[in-house]
Amino acid sequence: MGFGKIVKLLSIPFLLTALFFWSCSIFKTTYKVTKGTVKTTYKITKGTVKTTYKVTKFAGKAAYQIGKYTFIVIKAPFTWPLMRGEIESIDDLPPKDAIRQGRVKKSPYVVRGKRYVPMSVKEASNYRQKGVASWYGYETLRQKGGHMTANGEAFDPNGLNAAHKYLPLPTYVRVTNLENHQHIILRVNDRGPFVQGRIIDLSAGAAKKLGFFKKGTARVLVETIQLKG
């Protein structure tokens, strides 16, 4: 058998294998959490970058980093009003009762008489959607006290957080502004937007980082980031 034929035969399985691993590596992100450490494996088309970050936790609050993004999670007092006051029930309970009992993550909820059924964790792990993003909550800066998200966290209008109708709470997503190609990682901890034609609501701070704060809306790509631990 000639050398040229051998190269052709070897190249076919090699190319198939290469294509398989290339297709599996596009925009797949996995974050592993183990005893105070966040181990991130960020898979992109040109390879894999592994980074380890320490997690600092204390009563009612957790602060940690994913890449260059710092997340601060604080439990809101139950005296604070919900950001989405239009939520009538969660898991067939008054919203704050469901939050108090920890029955929020993927529980059905009702807004203005309409029942929303969130995705399962498995379904959410493969979520990838293009659509219109808006931002909300900046007016809370001028109000006394704070506001509670749909999973019981303190809403931070300048933070890296977002609202989604169907993703489990919380879920981490990578949001890319398709108009300027800027992207950030956000923590989905609230419900909404309940406006037709919009797929995600961002905090004012996140909208500023993505460059559409003044415009109000932008076309984006939303992809979930897998968190294991």
# chains A, B, ... in the order shown; residues from 1 in each chain; ligands from 1

$ residues_around --residues "Gly192 in chain A" --least-positions-apart "5" --cutoff "12 Å" --atoms "only C-alpha atoms" --output "number ranges by chain"
A: 83-87, 109-111, 116, 118, 133-137, 149-150, 162-167, 169, 197-203

$ write_last_selection --atoms "C-alpha atoms" --output "PDB file, in the first residue's frame"
ATOM      1  CA  MET A  83     -38.462  43.195  43.394  1.00  0.00           C
ATOM      2  CA  ARG A  84     -41.233  41.490  41.447  1.00  0.00           C
ATOM      3  CA  GLY A  85     -44.286  42.359  43.492  1.00  0.00           C
ATOM      4  CA  GLU A  86     -46.471  40.946  40.725  1.00  0.00           C
ATOM      5  CA  ILE A  87     -45.501  37.379  41.687  1.00  0.00           C
ATOM      6  CA  TYR A 109     -44.988  30.396  40.038  1.00  0.00           C
ATOM      7  CA  VAL A 110     -47.883  32.654  39.055  1.00  0.00           C
ATOM      8  CA  VAL A 111     -47.745  36.217  37.718  1.00  0.00           C
ATOM      9  CA  TYR A 116     -44.795  29.729  34.686  1.00  0.00           C
ATOM     10  CA  PRO A 118     -39.160  26.718  35.151  1.00  0.00           C
ATOM     11  CA  ALA A 133     -32.295  41.909  27.043  1.00  0.00           C
ATOM     12  CA  SER A 134     -33.449  44.851  29.145  1.00  0.00           C
ATOM     13  CA  TRP A 135     -32.444  46.111  32.577  1.00  0.00           C
ATOM     14  CA  TYR A 136     -34.435  46.843  35.740  1.00  0.00           C
ATOM     15  CA  GLY A 137     -34.301  47.985  39.345  1.00  0.00           C
ATOM     16  CA  THR A 149     -35.205  38.823  44.672  1.00  0.00           C
ATOM     17  CA  ALA A 150     -37.440  35.821  43.963  1.00  0.00           C
ATOM     18  CA  ALA A 162     -30.222  39.074  36.356  1.00  0.00           C
ATOM     19  CA  ALA A 163     -33.819  37.893  36.136  1.00  0.00           C
ATOM     20  CA  HIS A 164     -35.122  35.075  33.938  1.00  0.00           C
ATOM     21  CA  LYS A 165     -38.569  33.514  33.639  1.00  0.00           C
ATOM     22  CA  TYR A 166     -37.531  29.873  33.306  1.00  0.00           C
ATOM     23  CA  LEU A 167     -33.990  29.196  34.559  1.00  0.00           C
ATOM     24  CA  LEU A 169     -32.643  30.032  40.785  1.00  0.00           C
ATOM     25  CA  GLY A 197     -40.286  39.764  23.357  1.00  0.00           C
ATOM     26  CA  ARG A 198     -37.631  39.959  26.102  1.00  0.00           C
ATOM     27  CA  ILE A 199     -35.706  36.949  27.405  1.00  0.00           C
ATOM     28  CA  ILE A 200     -33.683  38.369  30.319  1.00  0.00           C
ATOM     29  CA  ASP A 201     -33.569  41.394  32.645  1.00  0.00           C
ATOM     30  CA  LEU A 202     -30.195  42.609  33.900  1.00  0.00           C
ATOM     31  CA  SER A 203     -29.275  44.851  36.795  1.00  0.00           C
TER      32      SER A 203
END

$ select_by_dssp --residues "range 49-207 of chain A" --states "alpha helix (DSSP H)" --output "ChimeraX atom specification"
/A:95-100,121-125,204-207

$ write_last_selection --atoms "N, CA and C atoms" --output "compact mmCIF listing (two decimals), in the first residue's frame"
# COMPACT_ATOMS: atom_id res chain seq x y z
N PRO A 95 -45.38 33.98 48.07
CA PRO A 95 -43.97 34.01 47.69
C PRO A 95 -42.97 33.92 48.84
N LYS A 96 -43.17 34.73 49.89
CA LYS A 96 -42.18 34.72 50.97
C LYS A 96 -42.22 33.43 51.79
N ASP A 97 -43.39 32.78 51.86
CA ASP A 97 -43.45 31.47 52.53
C ASP A 97 -42.64 30.45 51.75
N ALA A 98 -42.74 30.49 50.42
CA ALA A 98 -41.98 29.56 49.58
C ALA A 98 -40.48 29.84 49.70
N ILE A 99 -40.11 31.11 49.75
CA ILE A 99 -38.70 31.48 49.90
C ILE A 99 -38.18 31.00 51.25
N ARG A 100 -38.97 31.22 52.31
CA ARG A 100 -38.58 30.82 53.66
C ARG A 100 -38.37 29.31 53.76
N VAL A 121 -32.95 21.38 36.19
CA VAL A 121 -31.51 21.68 36.20
C VAL A 121 -30.85 21.09 34.96
N LYS A 122 -31.28 19.89 34.57
CA LYS A 122 -30.70 19.23 33.39
C LYS A 122 -31.01 20.02 32.12
N GLU A 123 -32.26 20.45 31.99
CA GLU A 123 -32.64 21.24 30.81
C GLU A 123 -31.85 22.55 30.77
N ALA A 124 -31.70 23.17 31.93
CA ALA A 124 -31.02 24.46 31.99
C ALA A 124 -29.54 24.35 31.64
N SER A 125 -28.94 23.19 31.88
CA SER A 125 -27.50 23.03 31.62
C SER A 125 -27.16 23.19 30.14
N ALA A 204 -28.88 47.22 36.54
CA ALA A 204 -28.34 48.41 35.86
C ALA A 204 -26.83 48.31 35.72
N GLY A 205 -26.17 47.78 36.76
CA GLY A 205 -24.72 47.64 36.71
C GLY A 205 -24.27 46.72 35.60
N ALA A 206 -25.00 45.62 35.41
CA ALA A 206 -24.65 44.68 34.34
C ALA A 206 -24.90 45.31 32.97
N ALA A 207 -26.01 46.06 32.84
CA ALA A 207 -26.31 46.72 31.57
C ALA A 207 -25.22 47.73 31.21

$ residues_around --residues "Val73 in chain A" --least-positions-apart "3" --cutoff "7 Å" --atoms "only C-alpha atoms" --output "number ranges by chain"
A: 61-63, 153

$ write_last_selection --atoms "C-alpha atoms" --output "PDB file, in the first residue's frame"
ATOM      1  CA  LYS A  61     -23.203  36.408  52.988  1.00  0.00           C
ATOM      2  CA  ALA A  62     -20.845  34.790  50.483  1.00  0.00           C
ATOM      3  CA  ALA A  63     -18.196  36.516  48.388  1.00  0.00           C
ATOM      4  CA  GLU A 153     -31.383  37.449  48.020  1.00  0.00           C
TER       5      GLU A 153
END

$ select_by_dssp --residues "range 93-173 of chain A" --states "strand (DSSP E)" --output "PyMOL selection string"
chain A and resi 109-111+114-116+128-136+161-163+171-173

$ residues_around --residues "Ile184 in chain A" --least-positions-apart "2" --cutoff "7 Å" --atoms "only C-alpha atoms" --output "CSV table (one decimal) with C-alpha atoms, in the first residue's frame"
chain,number,residue,atom,x,y,z
A,174,ARG,CA,-22.7,34.1,30.2
A,175,VAL,CA,-24.4,37.1,28.5
A,176,THR,CA,-22.9,38.5,25.3
A,186,LEU,CA,-24.1,36.9,35.8

$ residues_around --residues "Glu179 in chain A" --least-positions-apart "5" --cutoff "10 Å" --atoms "only C-alpha atoms" --output "list of chain:residue names"
A:Leu210, A:Gly211, A:Phe212, A:Ala218, A:Arg219, A:Val220
